[in-house]
>>> print(open('run02.txt').read())   # compact mmCIF, C-alpha atoms
# COMPACT_ATOMS: atom_id res chain seq x y z
CA MET A 1207 -5.71 32.57 -45.88
CA LEU A 1208 -6.13 31.88 -42.15
CA GLY A 1209 -3.17 29.57 -41.66
CA PHE A 1210 -2.78 30.20 -37.96
CA ILE A 1211 -6.38 29.23 -37.25
CA THR A 1212 -7.17 25.55 -37.14
CA ILE A 1213 -10.94 25.83 -37.56
CA ARG A 1214 -12.57 25.62 -40.99
CA PRO A 1215 -14.19 28.65 -42.68
CA HIS A 1216 -17.75 27.51 -41.95
CA GLN A 1217 -16.81 27.11 -38.27
CA LEU A 1218 -15.39 30.63 -38.25
CA LEU A 1219 -18.69 31.91 -39.62
CA SER A 1220 -20.50 30.11 -36.83
CA LEU A 1221 -18.37 31.95 -34.29
CA LEU A 1222 -18.94 35.31 -35.96
CA ARG A 1223 -22.72 35.16 -35.99
CA PRO A 1224 -25.48 33.34 -34.09
CA ARG A 1225 -26.64 30.05 -35.57
CA LEU A 1226 -30.10 31.55 -36.12
CA TRP A 1227 -28.59 33.76 -38.82
CA ILE A 1228 -26.20 31.33 -40.56
CA SER A 1229 -28.63 30.33 -43.30
CA ARG A 1230 -30.36 33.68 -43.57
CA LEU A 1231 -31.30 33.48 -47.23
CA SER A 1232 -34.28 35.79 -47.50
CA GLY A 1233 -35.16 35.14 -51.09
CA LEU A 1234 -34.19 33.16 -54.17
CA CYS A 1235 -36.97 33.94 -56.57
CA ALA A 1236 -37.76 35.05 -60.08
CA GLN A 1237 -41.23 36.34 -59.25
CA PRO A 1238 -42.49 38.25 -56.20
CA ARG A 1239 -44.19 35.88 -53.81
CA PRO A 1240 -45.52 36.04 -50.27
CA ARG A 1241 -43.25 34.80 -47.53
CA PRO A 1242 -43.84 34.52 -43.78
CA MET A 1243 -42.45 37.52 -41.94
CA ALA A 1244 -41.22 37.65 -38.35
CA ASN A 1245 -42.94 40.02 -35.97
CA SER A 1246 -41.54 43.42 -36.95
CA SER A 1247 -41.70 44.56 -33.33
CA SER A 1248 -39.18 41.91 -32.25
CA SER A 1249 -35.97 43.47 -30.97
CA TRP A 1250 -33.83 41.08 -33.02
CA GLU A 1251 -35.55 41.81 -36.31
CA LEU A 1252 -33.05 42.69 -39.04
CA PRO A 1253 -33.82 45.24 -41.75
CA LEU A 1254 -35.17 43.70 -44.95
CA VAL A 1255 -34.21 45.01 -48.40
CA ALA A 1256 -35.70 44.16 -51.79
CA VAL A 1257 -33.76 43.95 -55.05
CA CYS A 1258 -35.87 44.48 -58.17
CA GLN A 1259 -35.04 42.99 -61.56
CA VAL A 1260 -36.76 44.40 -64.66
CA THR A 1261 -36.58 44.51 -68.45
CA SER A 1262 -36.80 48.18 -69.38
CA THR A 1263 -37.93 49.23 -72.86
CA PRO A 1264 -38.29 52.64 -74.52
CA ASP A 1265 -41.83 52.85 -73.01
CA LYS A 1266 -41.34 54.95 -69.88
CA GLN A 1267 -44.87 54.59 -68.52
CA GLN A 1268 -44.91 50.82 -68.92
CA ASN A 1269 -41.52 50.67 -67.21
CA PHE A 1270 -42.87 52.73 -64.31
CA LYS A 1271 -45.89 50.45 -64.01
CA THR A 1272 -43.63 47.39 -63.80
CA CYS A 1273 -41.29 48.98 -61.25
CA ALA A 1274 -44.18 50.28 -59.16
CA GLU A 1275 -45.70 46.80 -58.90
CA LEU A 1276 -42.40 45.42 -57.60
CA VAL A 1277 -41.93 48.29 -55.15
CA ARG A 1278 -45.46 47.83 -53.77
CA GLU A 1279 -44.81 44.10 -53.37
CA ALA A 1280 -41.53 44.84 -51.60
CA ALA A 1281 -43.31 47.19 -49.20
CA ARG A 1282 -46.05 44.63 -48.59
CA LEU A 1283 -43.43 42.04 -47.65
CA GLY A 1284 -41.89 44.41 -45.12
CA ALA A 1285 -38.84 45.78 -46.95
CA CYS A 1286 -37.57 49.14 -45.73
CA LEU A 1287 -35.63 49.83 -48.93
CA ALA A 1288 -36.09 48.73 -52.55
CA PHE A 1289 -33.32 48.83 -55.15
CA LEU A 1290 -34.05 49.38 -58.86
CA PRO A 1291 -31.47 48.78 -61.61
CA GLU A 1292 -29.61 51.11 -63.92
CA ALA A 1293 -31.88 52.53 -66.65
CA PHE A 1294 -35.01 51.67 -64.65
CA ASP A 1295 -36.65 54.60 -66.46
CA TYR A 1296 -36.00 53.34 -70.00
CA ILE A 1297 -33.55 51.70 -72.40
CA ALA A 1298 -33.73 53.43 -75.77
CA ARG A 1299 -33.02 52.04 -79.21
CA ASP A 1300 -30.42 54.64 -80.10
CA LEU A 1301 -28.63 57.75 -78.87
CA ALA A 1302 -31.15 60.23 -80.29
CA GLU A 1303 -34.09 58.45 -78.65
CA SER A 1304 -32.22 58.23 -75.34
CA LEU A 1305 -31.56 61.97 -75.27
CA CYS A 1306 -35.14 62.74 -76.31
CA LEU A 1307 -36.62 60.63 -73.50
CA SER A 1308 -34.36 62.09 -70.77
CA GLU A 1309 -35.73 64.39 -68.05
CA PRO A 1310 -34.42 66.65 -65.29
CA LEU A 1311 -34.71 65.53 -61.66
CA SER A 1312 -37.65 67.92 -61.39
CA GLY A 1313 -39.50 66.15 -64.23
CA ASN A 1314 -42.71 64.15 -64.19
CA LEU A 1315 -41.18 60.69 -63.97
CA LEU A 1316 -39.15 61.27 -60.84
CA GLY A 1317 -42.22 62.97 -59.40
CA GLU A 1318 -44.10 59.69 -59.84
CA TYR A 1319 -41.36 57.83 -57.96
CA THR A 1320 -41.37 60.34 -55.09
CA GLN A 1321 -45.12 59.80 -54.80
CA LEU A 1322 -44.60 56.02 -54.91
CA ALA A 1323 -42.02 56.14 -52.10
CA ARG A 1324 -44.37 58.27 -50.01
CA GLU A 1325 -47.37 56.05 -50.74
CA CYS A 1326 -45.50 52.85 -49.83
CA GLY A 1327 -43.48 54.32 -46.94
CA ILE A 1328 -40.30 52.85 -48.40
CA TRP A 1329 -36.85 54.14 -49.34
CA LEU A 1330 -35.96 53.80 -53.04
CA SER A 1331 -32.57 53.41 -54.69
CA LEU A 1332 -33.16 54.53 -58.28
CA GLY A 1333 -30.03 53.47 -60.07
CA GLY A 1334 -29.17 55.11 -63.35
CA PHE A 1335 -31.77 57.78 -64.10
CA HIS A 1336 -31.17 59.52 -67.45
CA GLU A 1337 -30.80 63.04 -66.05
CA ARG A 1338 -30.82 66.30 -67.94
CA GLY A 1339 -28.54 68.36 -65.74
CA GLN A 1340 -28.26 72.10 -65.41
CA ASP A 1341 -25.76 72.11 -68.29
CA TRP A 1342 -28.12 70.35 -70.72
CA GLU A 1343 -28.64 73.38 -72.94
CA GLN A 1344 -24.89 73.86 -73.37
CA THR A 1345 -23.77 70.24 -73.69
CA GLN A 1346 -26.79 68.33 -75.04
CA LYS A 1347 -25.54 65.44 -72.91
CA ILE A 1348 -27.04 63.79 -69.85
CA TYR A 1349 -25.86 62.21 -66.58
CA ASN A 1350 -26.32 58.62 -65.45
CA CYS A 1351 -27.68 59.57 -62.05
CA HIS A 1352 -28.25 57.29 -59.06
CA VAL A 1353 -31.03 58.87 -56.98
CA LEU A 1354 -31.82 57.90 -53.38
CA LEU A 1355 -35.29 58.75 -52.05
CA ASN A 1356 -36.41 58.42 -48.45
CA SER A 1357 -39.80 57.10 -47.36
CA LYS A 1358 -41.25 60.62 -47.52
CA GLY A 1359 -40.31 60.91 -51.18
CA SER A 1360 -37.50 63.40 -50.65
CA ILE A 1361 -34.22 63.17 -52.57
CA VAL A 1362 -31.54 62.55 -49.93
CA ALA A 1363 -28.61 61.86 -52.28
CA THR A 1364 -27.62 61.86 -55.94
CA TYR A 1365 -24.54 60.28 -57.47
CA ARG A 1366 -23.62 60.80 -61.11
CA LYS A 1367 -21.74 57.86 -62.58
CA THR A 1368 -18.04 58.69 -62.73
CA HIS A 1369 -16.76 55.80 -64.88
CA LEU A 1370 -18.41 55.75 -68.30
CA CYS A 1371 -18.67 52.47 -70.17
CA ASP A 1372 -16.87 52.84 -73.52
CA ILE A 1373 -16.04 49.25 -74.45
CA GLU A 1374 -15.97 46.83 -77.39
CA ILE A 1375 -16.38 43.18 -76.44
CA PRO A 1376 -16.56 40.59 -79.24
CA GLY A 1377 -20.04 39.08 -79.34
CA GLN A 1378 -21.64 41.93 -77.40
CA GLU A 1379 -23.13 45.22 -78.60
CA PRO A 1380 -20.44 47.96 -78.40
CA MET A 1381 -21.00 50.58 -75.70
CA ARG A 1382 -20.13 54.26 -76.13
CA GLU A 1383 -21.70 55.82 -73.07
CA SER A 1384 -19.61 58.98 -73.41
CA ASN A 1385 -21.36 59.80 -76.71
CA SER A 1386 -24.46 60.82 -74.75
CA THR A 1387 -23.35 61.03 -71.13
CA LEU A 1388 -21.07 63.22 -69.04
CA PRO A 1389 -19.00 61.72 -66.20
CA GLY A 1390 -19.95 62.79 -62.70
CA PRO A 1391 -17.48 65.08 -60.94
CA SER A 1392 -17.29 63.39 -57.53
CA LEU A 1393 -18.28 60.57 -55.21
CA GLU A 1394 -21.20 60.90 -52.82
CA SER A 1395 -20.62 60.40 -49.09
CA PRO A 1396 -22.35 57.29 -47.71
CA VAL A 1397 -25.93 57.93 -46.63
CA SER A 1398 -27.62 56.66 -43.46
CA THR A 1399 -30.76 54.62 -44.22
CA PRO A 1400 -32.94 52.20 -42.21
CA ALA A 1401 -30.81 49.34 -43.59
CA GLY A 1402 -27.39 50.90 -42.92
CA LYS A 1403 -25.00 53.42 -44.47
CA ILE A 1404 -25.18 53.13 -48.25
CA GLY A 1405 -22.45 53.98 -50.74
CA LEU A 1406 -23.78 54.82 -54.19
CA ALA A 1407 -22.27 53.61 -57.46
CA VAL A 1408 -23.53 52.50 -60.89
CA CYS A 1409 -22.74 49.38 -62.97
CA TYR A 1410 -19.31 49.87 -64.63
CA ASP A 1411 -18.08 51.52 -61.41
CA MET A 1412 -17.77 48.03 -59.91
CA ARG A 1413 -14.66 47.43 -62.03
CA PHE A 1414 -12.80 50.09 -60.05
CA PRO A 1415 -12.02 48.86 -56.53
CA GLU A 1416 -10.59 52.28 -55.62
CA LEU A 1417 -14.15 53.64 -55.60
CA SER A 1418 -15.55 50.90 -53.37
CA LEU A 1419 -12.62 51.19 -50.95
CA ALA A 1420 -13.08 54.97 -50.78
CA LEU A 1421 -16.76 54.51 -49.93
CA ALA A 1422 -15.98 51.86 -47.30
CA GLN A 1423 -13.34 54.07 -45.70
CA ALA A 1424 -15.92 56.87 -45.62
CA GLY A 1425 -18.21 54.64 -43.55
CA ALA A 1426 -20.27 52.65 -46.06
CA GLU A 1427 -21.78 49.38 -44.84
CA ILE A 1428 -23.71 48.62 -48.03
CA LEU A 1429 -22.41 49.19 -51.56
CA THR A 1430 -24.97 49.29 -54.34
CA TYR A 1431 -24.31 48.66 -58.03
CA PRO A 1432 -27.50 49.07 -60.09
CA SER A 1433 -26.57 47.62 -63.47
CA ALA A 1434 -27.37 46.59 -67.03
CA PHE A 1435 -24.61 44.04 -67.73
CA GLY A 1436 -24.26 42.53 -71.18
CA SER A 1437 -24.67 38.91 -72.22
CA VAL A 1438 -20.91 38.28 -72.62
CA THR A 1439 -19.43 40.15 -69.65
CA GLY A 1440 -22.30 39.05 -67.40
CA PRO A 1441 -21.56 35.31 -67.17
CA ALA A 1442 -17.81 35.95 -66.98
CA HIS A 1443 -17.53 38.84 -64.54
CA TRP A 1444 -20.80 39.81 -62.83
CA GLU A 1445 -20.84 37.60 -59.73
CA VAL A 1446 -17.04 37.51 -59.43
CA LEU A 1447 -16.77 41.31 -59.30
CA LEU A 1448 -19.65 41.73 -56.85
CA ARG A 1449 -18.25 39.13 -54.46
CA ALA A 1450 -14.79 40.64 -54.72
CA ARG A 1451 -16.11 44.11 -53.86
CA ALA A 1452 -17.94 42.66 -50.85
CA ILE A 1453 -14.91 40.73 -49.56
CA GLU A 1454 -12.34 43.49 -49.96
CA THR A 1455 -14.54 46.18 -48.35
CA GLN A 1456 -16.29 43.90 -45.83
CA CYS A 1457 -19.57 45.49 -46.91
CA TYR A 1458 -22.87 44.15 -48.09
CA VAL A 1459 -23.19 44.53 -51.86
CA VAL A 1460 -26.62 45.01 -53.44
CA ALA A 1461 -26.85 44.76 -57.22
CA ALA A 1462 -30.19 45.25 -58.97
CA ALA A 1463 -29.92 44.31 -62.65
CA GLN A 1464 -31.66 44.65 -65.97
CA CYS A 1465 -32.55 41.32 -67.59
CA GLY A 1466 -33.77 39.94 -70.90
CA ARG A 1467 -34.29 41.59 -74.29
CA HIS A 1468 -35.13 45.29 -74.19
CA HIS A 1469 -35.58 45.65 -77.95
CA GLU A 1470 -34.03 44.28 -81.13
CA LYS A 1471 -30.64 45.90 -80.42
CA ARG A 1472 -29.99 45.12 -76.78
CA ALA A 1473 -30.30 42.46 -74.07
CA SER A 1474 -29.08 42.26 -70.46
CA TYR A 1475 -27.75 39.47 -68.25
CA GLY A 1476 -29.89 39.84 -65.10
CA HIS A 1477 -28.96 37.75 -62.01
CA SER A 1478 -29.64 40.50 -59.46
CA MET A 1479 -28.16 39.58 -56.10
CA VAL A 1480 -27.13 40.51 -52.57
CA VAL A 1481 -23.70 39.51 -51.28
CA ASP A 1482 -22.78 39.61 -47.60
CA PRO A 1483 -19.41 40.89 -46.24
CA TRP A 1484 -18.01 37.34 -46.19
CA GLY A 1485 -18.61 37.08 -49.96
CA THR A 1486 -21.62 34.77 -49.76
CA VAL A 1487 -24.50 35.35 -52.17
CA VAL A 1488 -27.43 35.52 -49.75
CA ALA A 1489 -30.17 36.37 -52.26
CA ARG A 1490 -30.45 36.08 -56.02
CA CYS A 1491 -33.10 36.59 -58.68
CA SER A 1492 -33.74 33.85 -61.20
CA GLU A 1493 -34.49 34.47 -64.87
CA GLY A 1494 -36.94 37.21 -65.80
CA PRO A 1495 -38.41 40.22 -63.97
CA GLY A 1496 -39.09 39.88 -60.24
CA LEU A 1497 -37.49 40.55 -56.88
CA CYS A 1498 -35.42 38.91 -54.20
CA LEU A 1499 -35.17 39.76 -50.51
CA ALA A 1500 -32.31 39.81 -48.01
CA ARG A 1501 -31.79 40.86 -44.41
CA ILE A 1502 -28.91 43.18 -43.57
CA ASP A 1503 -27.07 42.06 -40.44
CA LEU A 1504 -24.78 44.90 -39.36
CA ASN A 1505 -23.82 43.03 -36.20
CA PHE A 1506 -22.34 40.28 -38.40
CA LEU A 1507 -20.54 42.94 -40.44
CA GLN A 1508 -18.97 44.53 -37.36
CA LYS A 1509 -17.89 41.17 -35.94
CA LEU A 1510 -16.29 40.21 -39.23
CA ARG A 1511 -14.37 43.49 -39.35
CA GLN A 1512 -13.16 42.89 -35.78
CA HIS A 1513 -11.97 39.34 -36.50
CA LEU A 1514 -10.45 40.21 -39.89
CA PRO A 1515 -9.29 43.84 -39.48
CA VAL A 1516 -7.98 44.41 -43.02
CA PHE A 1517 -8.51 48.16 -42.92
CA GLN A 1518 -6.18 48.41 -39.93
CA HIS A 1519 -3.54 46.50 -41.90
CA ARG A 1520 -3.61 48.65 -45.03
CA ARG A 1521 -0.39 50.35 -46.19
CA PRO A 1522 -1.45 53.63 -47.83
CA ASP A 1523 2.20 54.69 -47.79
CA LEU A 1524 2.79 52.05 -50.50
CA TYR A 1525 -0.23 52.76 -52.67
CA GLY A 1526 0.36 56.39 -53.62
CA ASN A 1527 -0.01 55.90 -57.38
CA LEU A 1528 -2.92 53.49 -57.22
CA GLY A 1529 -5.58 54.48 -59.72
CA HIS A 1530 -3.29 56.44 -62.04
CA PRO A 1531 -3.15 55.33 -65.71
CA GLN A 1532 -0.31 53.01 -66.65
CA SER A 1533 2.55 54.78 -68.40
>>> encode(input="run02.txt", output="structure tokens")
Amino acid sequence: MLGFITIRPHQLLSLLRPRLWISRLSGLCAQPRPRPMANSSSSWELPLVAVCQVTSTPDKQQNFKTCAELVREAARLGACLAFLPEAFDYIARDLAESLCLSEPLSGNLLGEYTQLARECGIWLSLGGFHERGQDWEQTQKIYNCHVLLNSKGSIVATYRKTHLCDIEIPGQEPMRESNSTLPGPSLESPVSTPAGKIGLAVCYDMRFPELSLALAQAGAEILTYPSAFGSVTGPAHWEVLLRARAIETQCYVVAAAQCGRHHEKRASYGHSMVVDPWGTVVARCSEGPGLCLARIDLNFLQKLRQHLPVFQHRRPDLYGNLGHPQS
């Protein structure tokens, strides 16, 4: 890959970032646990993010209680932003129950999360809220909506999942997301946060590199894929896809995931993680609900993009039909 350079990859990494940051794993844990924090007033302090892993059920209030405990722990440990997975609000047993439990953005549940963000003074990435949109009465379908709240509890961005998961994988429960969900009409411009500029996506979106490249070209430094991957596709594709998206965009990738058995009909893979722009997994949750922590080093990101300027080498004149269905 770097044939004209005689140094090894780990030596290149040493040149790109100070030795203090080479082994900057901030968390490899299944359960929240205290960890020593550097003095937050230090000029070299890097922003800390928390990735929450949960097992949602049809019980919305119990799900909120679980998520709130993780968010409060993340705030206590000094995180400026906490990421929750797709379907953090609930995972229903069937289509009818899912539609019945859904709410508008102005509903009670999101109100509880805005209060939580305000109480903890932390930004929240709420990936995959079952949203009753303005067209609910006409369509009787919902949106899979990624909501970003700031530390004052205000909604600063919403992204409605554009790629719906209609798949049949042997050995895994079939998915027909389009039976209950409408595709979003557009991408959301990257949003400035205390951790960096975030590009919003949801789960199945990670299989479409065109989306991640569009967000990176629009200025994203962090891509986030809140997810509920299945037990067959998870072991085969989860980490591979996340690392690929990080490498090709030279962005951090943050992926909060559902885990475990939600009810008798559905289970999720878990393995929430953070990947740096080099493609290294720098934080990962173990089995079961919990959180992991990672620091976002935008100086490392910029140096990597300078040394490996792939976006300057792109040939858009050759890619005109990229993304169109095969004939």
>>> closest_residue(input="run02.txt", among="A:Ser1492, A:Ser1331, A:Ser1262, A:Ser1386", to="Ile1348 in chain A", atoms="all atoms listed in the file")
A:Ser1386
>>> closest_residue(input="run02.txt", among="A:Ser1418, A:Gln1464, A:Gln1508, A:Ser1360", to="Cys1273 in chain A", atoms="only C-alpha atoms")
A:Gln1464
>>> residues_around(input="run02.txt", residues="range 1465-1467 of chain A", least_positions_apart="2", cutoff="10 Å", atoms="all atoms listed in the file", output="CSV table (one decimal) with C-alpha atoms, in the frame of the given file")
chain,number,residue,atom,x,y,z
A,1259,GLN,CA,-35.0,43.0,-61.6
A,1260,VAL,CA,-36.8,44.4,-64.7
A,1261,THR,CA,-36.6,44.5,-68.4
A,1262,SER,CA,-36.8,48.2,-69.4
A,1263,THR,CA,-37.9,49.2,-72.9
A,1291,PRO,CA,-31.5,48.8,-61.6
A,1433,SER,CA,-26.6,47.6,-63.5
A,1434,ALA,CA,-27.4,46.6,-67.0
A,1435,PHE,CA,-24.6,44.0,-67.7
A,1436,GLY,CA,-24.3,42.5,-71.2
A,1437,SER,CA,-24.7,38.9,-72.2
A,1462,ALA,CA,-30.2,45.2,-59.0
A,1463,ALA,CA,-29.9,44.3,-62.6
A,1469,HIS,CA,-35.6,45.6,-78.0
A,1470,GLU,CA,-34.0,44.3,-81.1
A,1471,LYS,CA,-30.6,45.9,-80.4
A,1472,ARG,CA,-30.0,45.1,-76.8
A,1473,ALA,CA,-30.3,42.5,-74.1
A,1474,SER,CA,-29.1,42.3,-70.5
A,1475,TYR,CA,-27.8,39.5,-68.2
A,1476,GLY,CA,-29.9,39.8,-65.1
A,1477,HIS,CA,-29.0,37.8,-62.0
A,1478,SER,CA,-29.6,40.5,-59.5
A,1492,SER,CA,-33.7,33.8,-61.2
A,1493,GLU,CA,-34.5,34.5,-64.9
A,1494,GLY,CA,-36.9,37.2,-65.8
A,1495,PRO,CA,-38.4,40.2,-64.0
A,1496,GLY,CA,-39.1,39.9,-60.2
>>> closest_residue(input="run02.txt", among="A:Ala1461, A:Leu1316, A:Val1353, A:Thr1430", to="Ala1489 in chain A", atoms="all atoms listed in the file")
A:Ala1461
>>> atom_distance(input="run02.txt", atom1="CA of Pro1415 in chain A", atom2="CA of Glu1454 in chain A")
8.5 Å
>>> residues_near_point(input="run02.txt", point="(-26.6, 59.8, -43.4)", cutoff="12 Å", atoms="only C-alpha atoms", output="MDAnalysis selection string")
chainID A and resid 1354 1356 1362:1363 1394:1405 1424:1427
>>> write_last_selection(input="run02.txt", atoms="C-alpha atoms", output="compact mmCIF listing (two decimals), keeping the file's coordinate frame")
# COMPACT_ATOMS: atom_id res chain seq x y z
CA LEU A 1354 -31.82 57.90 -53.38
CA ASN A 1356 -36.41 58.42 -48.45
CA VAL A 1362 -31.54 62.55 -49.93
CA ALA A 1363 -28.61 61.86 -52.28
CA GLU A 1394 -21.20 60.90 -52.82
CA SER A 1395 -20.62 60.40 -49.09
CA PRO A 1396 -22.35 57.29 -47.71
CA VAL A 1397 -25.93 57.93 -46.63
CA SER A 1398 -27.62 56.66 -43.46
CA THR A 1399 -30.76 54.62 -44.22
CA PRO A 1400 -32.94 52.20 -42.21
CA ALA A 1401 -30.81 49.34 -43.59
CA GLY A 1402 -27.39 50.90 -42.92
CA LYS A 1403 -25.00 53.42 -44.47
CA ILE A 1404 -25.18 53.13 -48.25
CA GLY A 1405 -22.45 53.98 -50.74
CA ALA A 1424 -15.92 56.87 -45.62
CA GLY A 1425 -18.21 54.64 -43.55
CA ALA A 1426 -20.27 52.65 -46.06
CA GLU A 1427 -21.78 49.38 -44.84
>>> atom_distance(input="run02.txt", atom1="CA of Val1480 in chain A", atom2="CA of Leu1499 in chain A")
8.3 Å
>>> closest_residue(input="run02.txt", among="A:Val1488, A:Leu1305, A:Ile1328, A:Ile1361", to="Asn1385 in chain A", atoms="only C-alpha atoms")
A:Leu1305
>>> atom_distance(input="run02.txt", atom1="CA of Ser1384 in chain A", atom2="CA of Met1479 in chain A")
27.4 Å
>>> closest_residue(input="run02.txt", among="A:Leu1330, A:Ala1452, A:Val1408, A:Leu1290", to="Cys1498 in chain A", atoms="all atoms listed in the file")
A:Leu1290
